[in-house]
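K.L.:
To start, I am sharing the structure in question, which I have written as structure tokens.
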Amino acid sequence: MLADATTRSGGTATASPPALATELAVALPAVVPVAPLLPVAPVGFTARCTRALLSPWSRLSLLLVLLAGAASTVLLFHPQRLLSDGWPPQLGGIAAALVFAAAYGLCSVAFVPRPLLNLAAGALFGSQLGTGAALAGTVLGAGISFGLGRVLGQDALRPLLRGRWLKAADGQLSRHGFRSMMAARLFPGLPFWGVNYCAAVSRMRWTPFLLATALGSLPNTAAYVVAGARASSPTSPAFLIAMACITLPALGGAVVAWRKRHHLRAR
């Protein structure tokens, strides 16, 4: 191997340092460094429990427990007593309206019908302040429901969207969130909490959801609040107009649903 470095006269074989280094590199096998194997620590009981508690179905179970607890709390405290006993004298004006808005939001999360809450807002605070308190409570309750559904229920429920109706609703809310939510809020008969959780399971964003909820809920909320504020004088023009604003959209929604029933069955 060192023949090229020897002299042709038969003398002693000599090699230059670069050539010798090249020959040694070819002759010796390459040694690949191997990283030492670290021992794999077994998964402990705490890690398994944490993984189980953070799984999608555990979070969905927690959501159901929270909703059941909220509904039970509402049934135990009987919020309808505000209409018979009146508002506590320690609160009044804007402070009372803010407290009512917070209670409104929590009650709507606990499946209390919004028409009853809107009527109570009108009876307690009048038309203007009652409308503001009821609308603020509506947006607050929708935001709480949307957040709970997004954090605790979305990962578990999205894999179940296999039906044609469910896929169509999910696609509509995900692609056209604002206008779809506006239509859902304006259309009478759709449950408030059901729309909230359907939007939470979809890929709808926060901003269009809250904005469409506020704008779409305003007409129906104002009509119920005015009806509650004028309930003592049922022949007044304001009460009659409010009842017309409640009744006519409901009848229109029923007619549309009746005419579309064959189309929905076909899908």
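Naming works like this for the structure tokens: A, B, ... for the chains as they're shown, residue 1 at the start of each chain, ligands 1 onward in shown order.
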Leaving out Ala134 (chain A) and any residue of its chain fewer than 5 positions from it, which residues lie within 8 Å of it when counting only C-alpha atoms, given as a list in words?
P.N.:
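What passes the distance filter is Ala101, Tyr104, Leu117, Asn118, Ala121, Thr221 and Val225 of chain A.
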K.L.:
Residues of the last selection are to be written out with N, CA and C atoms, as a PDB file, in the first residue's frame.
P.N.:
```pdb
ATOM      1  N   ALA A 101     -77.283  41.206  35.825  1.00  0.00           N
ATOM      2  CA  ALA A 101     -76.677  40.711  34.589  1.00  0.00           C
ATOM      3  C   ALA A 101     -75.786  39.504  34.867  1.00  0.00           C
ATOM      4  N   TYR A 104     -78.064  36.676  35.639  1.00  0.00           N
ATOM      5  CA  TYR A 104     -78.701  36.284  34.379  1.00  0.00           C
ATOM      6  C   TYR A 104     -77.790  35.335  33.600  1.00  0.00           C
ATOM      7  N   LEU A 117     -86.200  35.220  32.206  1.00  0.00           N
ATOM      8  CA  LEU A 117     -85.210  36.173  32.701  1.00  0.00           C
ATOM      9  C   LEU A 117     -85.425  37.561  32.097  1.00  0.00           C
ATOM     10  N   ASN A 118     -85.799  37.614  30.833  1.00  0.00           N
ATOM     11  CA  ASN A 118     -86.055  38.904  30.203  1.00  0.00           C
ATOM     12  C   ASN A 118     -87.286  39.590  30.806  1.00  0.00           C
ATOM     13  N   ALA A 121     -86.243  41.014  34.050  1.00  0.00           N
ATOM     14  CA  ALA A 121     -85.452  42.240  33.894  1.00  0.00           C
ATOM     15  C   ALA A 121     -86.353  43.440  33.664  1.00  0.00           C
ATOM     16  N   THR A 221     -84.837  40.141  22.917  1.00  0.00           N
ATOM     17  CA  THR A 221     -84.632  40.505  24.319  1.00  0.00           C
ATOM     18  C   THR A 221     -85.381  41.773  24.674  1.00  0.00           C
ATOM     19  N   VAL A 225     -88.391  42.265  27.452  1.00  0.00           N
ATOM     20  CA  VAL A 225     -88.176  43.202  28.573  1.00  0.00           C
ATOM     21  C   VAL A 225     -89.284  44.246  28.607  1.00  0.00           C
TER      22      VAL A 225
END
```
K.L.:
Please tabulate, as a tab-separated table, the residues of region 179-260 of chain A that come within 9 Å of region 141-148 of chain A, each with its closest pair of atoms and the distance in Å to one decimal, counting only C-alpha atoms and ordering rows by chain, then residue number upward.
P.N.:
```
residue	atom	partner	partner_atom	distance
A:Phe192	CA	A:Ala142	CA	8.1
A:Trp193	CA	A:Ser145	CA	7.2
A:Asn196	CA	A:Phe146	CA	5.5
A:Tyr197	CA	A:Phe146	CA	6.0
A:Cys198	CA	A:Phe146	CA	8.6
A:Ala199	CA	A:Phe146	CA	7.0
A:Ala200	CA	A:Phe146	CA	5.0
A:Val201	CA	A:Phe146	CA	8.6
A:Trp206	CA	A:Gly143	CA	8.3
A:Phe209	CA	A:Gly143	CA	8.4
A:Leu210	CA	A:Gly143	CA	6.9
A:Thr213	CA	A:Ala142	CA	7.6
```
K.L.:
Which of these, A:Met243, A:Val99, A:Leu135, A:Val74, has the shortest distance to Phe111 (chain A) once you count only C-alpha atoms?
P.N.:
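So, comparing all the options, the nearest one is A:Val74.
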K.L.:
Which residues are close to Ser217 (chain A), i.e. within 9 Å by only C-alpha atoms, leaving aside same-chain residues fewer than 2 positions away? Reply as a ChimeraX atom specification.
P.N.:
/A:135,138-139,182,185-186,212-215,219-222
K.L.:
Store the residues picked out above in a file with N, CA and C atoms, as a PDB file, in the first residue's frame.
P.N.:
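Okay, out16.pdb is ready:
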```
ATOM      1  N   LEU A 135     -79.390  42.122  28.042  1.00  0.00           N
ATOM      2  CA  LEU A 135     -78.485  41.880  26.924  1.00  0.00           C
ATOM      3  C   LEU A 135     -77.077  41.562  27.423  1.00  0.00           C
ATOM      4  N   THR A 138     -77.143  38.097  28.626  1.00  0.00           N
ATOM      5  CA  THR A 138     -77.192  37.171  27.492  1.00  0.00           C
ATOM      6  C   THR A 138     -75.806  36.913  26.921  1.00  0.00           C
ATOM      7  N   VAL A 139     -75.051  37.989  26.690  1.00  0.00           N
ATOM      8  CA  VAL A 139     -73.703  37.835  26.143  1.00  0.00           C
ATOM      9  C   VAL A 139     -72.790  37.123  27.143  1.00  0.00           C
ATOM     10  N   MET A 182     -75.986  34.888  13.651  1.00  0.00           N
ATOM     11  CA  MET A 182     -77.040  35.896  13.583  1.00  0.00           C
ATOM     12  C   MET A 182     -78.385  35.253  13.252  1.00  0.00           C
ATOM     13  N   ARG A 185     -79.704  33.300  16.271  1.00  0.00           N
ATOM     14  CA  ARG A 185     -80.231  34.143  17.350  1.00  0.00           C
ATOM     15  C   ARG A 185     -81.549  34.797  16.953  1.00  0.00           C
ATOM     16  N   LEU A 186     -81.696  35.143  15.693  1.00  0.00           N
ATOM     17  CA  LEU A 186     -82.938  35.782  15.256  1.00  0.00           C
ATOM     18  C   LEU A 186     -84.075  34.782  15.077  1.00  0.00           C
ATOM     19  N   ALA A 212     -72.276  38.451  17.096  1.00  0.00           N
ATOM     20  CA  ALA A 212     -73.548  38.013  16.516  1.00  0.00           C
ATOM     21  C   ALA A 212     -74.581  37.712  17.598  1.00  0.00           C
ATOM     22  N   THR A 213     -74.124  37.225  18.741  1.00  0.00           N
ATOM     23  CA  THR A 213     -75.048  36.980  19.850  1.00  0.00           C
ATOM     24  C   THR A 213     -75.652  38.276  20.354  1.00  0.00           C
ATOM     25  N   ALA A 214     -74.816  39.300  20.511  1.00  0.00           N
ATOM     26  CA  ALA A 214     -75.325  40.578  21.011  1.00  0.00           C
ATOM     27  C   ALA A 214     -76.298  41.212  20.020  1.00  0.00           C
ATOM     28  N   LEU A 215     -75.947  41.235  18.746  1.00  0.00           N
ATOM     29  CA  LEU A 215     -76.808  41.880  17.757  1.00  0.00           C
ATOM     30  C   LEU A 215     -78.066  41.063  17.468  1.00  0.00           C
ATOM     31  N   PRO A 219     -83.315  42.234  19.389  1.00  0.00           N
ATOM     32  CA  PRO A 219     -84.755  42.455  19.172  1.00  0.00           C
ATOM     33  C   PRO A 219     -85.638  41.615  20.084  1.00  0.00           C
ATOM     34  N   ASN A 220     -85.353  40.324  20.177  1.00  0.00           N
ATOM     35  CA  ASN A 220     -86.177  39.454  21.011  1.00  0.00           C
ATOM     36  C   ASN A 220     -86.050  39.807  22.489  1.00  0.00           C
ATOM     37  N   THR A 221     -84.837  40.141  22.917  1.00  0.00           N
ATOM     38  CA  THR A 221     -84.632  40.505  24.319  1.00  0.00           C
ATOM     39  C   THR A 221     -85.381  41.773  24.674  1.00  0.00           C
ATOM     40  N   ALA A 222     -85.290  42.793  23.815  1.00  0.00           N
ATOM     41  CA  ALA A 222     -85.987  44.050  24.076  1.00  0.00           C
ATOM     42  C   ALA A 222     -87.495  43.861  24.112  1.00  0.00           C
TER      43      ALA A 222
END
```
K.L.:
Please compute the CA of Phe125 (chain A)-CA of Tyr224 (chain A) distance, one decimal, in Å.
P.N.:
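Spanning CA of Phe125 (chain A) to CA of Tyr224 (chain A) is a straight-line distance of 12.8 Å.
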K.L.:
As a count of residues only, please: every residue in region 52-141 of chain A that a backbone DSSP assignment puts in helix (DSSP H, G or I).
P.N.:
73
K.L.:
Calculated over only C-alpha atoms, which of the candidates A:Pro208, A:Gly153, A:Gly122, A:Gly137 has the smallest distance to Ser174 (chain A)?
P.N.:
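Looking at the shortest contact to Ser174 (chain A), the residue is A:Pro208.
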K.L.:
Which residues are close to Ala229 (chain A), i.e. within 10 Å by only C-alpha atoms, leaving aside same-chain residues fewer than 3 positions away? Reply as a compact mmCIF listing (two decimals) with N, CA and C atoms, in the first residue's frame.
P.N.:
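Output file selection39.txt follows:
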```
# COMPACT_ATOMS: atom_id res chain seq x y z
N ASN A 118 -85.80 37.61 30.83
CA ASN A 118 -86.06 38.90 30.20
C ASN A 118 -87.29 39.59 30.81
N LEU A 119 -88.33 38.81 31.05
CA LEU A 119 -89.51 39.39 31.70
C LEU A 119 -89.18 39.90 33.09
N ALA A 120 -88.34 39.16 33.81
CA ALA A 120 -87.93 39.62 35.14
C ALA A 120 -87.11 40.89 35.06
N ALA A 121 -86.24 41.01 34.05
CA ALA A 121 -85.45 42.24 33.89
C ALA A 121 -86.35 43.44 33.66
N GLY A 122 -87.39 43.28 32.85
CA GLY A 122 -88.31 44.39 32.62
C GLY A 122 -89.12 44.74 33.85
N ALA A 123 -89.56 43.73 34.59
CA ALA A 123 -90.35 43.99 35.79
C ALA A 123 -89.53 44.65 36.89
N LEU A 124 -88.24 44.34 36.97
CA LEU A 124 -87.40 44.88 38.04
C LEU A 124 -86.79 46.23 37.70
N PHE A 125 -86.41 46.45 36.45
CA PHE A 125 -85.62 47.64 36.11
C PHE A 125 -86.26 48.52 35.04
N GLY A 126 -87.39 48.14 34.49
CA GLY A 126 -87.99 48.95 33.44
C GLY A 126 -87.43 48.60 32.08
N SER A 127 -87.86 49.34 31.08
CA SER A 127 -87.54 49.00 29.70
C SER A 127 -86.07 49.25 29.35
N GLN A 128 -85.55 50.44 29.63
CA GLN A 128 -84.22 50.79 29.17
C GLN A 128 -83.13 50.06 29.97
N GLY A 130 -83.50 47.61 32.00
CA GLY A 130 -83.73 46.17 31.93
C GLY A 130 -83.21 45.57 30.64
N ALA A 223 -88.02 43.02 23.24
CA ALA A 223 -89.47 42.79 23.23
C ALA A 223 -89.94 42.16 24.53
N TYR A 224 -89.23 41.17 25.02
CA TYR A 224 -89.62 40.53 26.27
C TYR A 224 -89.45 41.47 27.46
N VAL A 225 -88.39 42.26 27.45
CA VAL A 225 -88.18 43.20 28.57
C VAL A 225 -89.28 44.25 28.61
N VAL A 226 -89.65 44.79 27.46
CA VAL A 226 -90.74 45.78 27.42
C VAL A 226 -92.05 45.14 27.86
N SER A 232 -98.16 45.35 33.82
CA SER A 232 -99.25 45.87 34.66
C SER A 232 -100.32 46.60 33.85
N SER A 233 -100.00 47.01 32.64
CA SER A 233 -100.97 47.68 31.77
C SER A 233 -101.01 46.97 30.43
N ALA A 238 -97.29 50.11 24.15
CA ALA A 238 -95.96 49.49 24.27
C ALA A 238 -96.07 48.00 24.51
N PHE A 239 -97.00 47.58 25.36
CA PHE A 239 -97.16 46.15 25.64
C PHE A 239 -97.66 45.41 24.40
```
K.L.:
Which residue out of A:Val151, A:Pro188, A:Thr207, A:Ser202 has the minimum interatomic distance to Gly252 (chain A) when only C-alpha atoms are used?
P.N.:
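Comparing A:Val151, A:Pro188, A:Thr207, A:Ser202 against Gly252 (chain A), the winner is A:Pro188.
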K.L.:
Quick one: of A:Ile241, A:Val255, A:Ser108, A:Leu63, who's nearest to Arg150 (chain A), counting only C-alpha atoms?
P.N.:
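Closest to Arg150 (chain A) of all the choices is A:Leu63.
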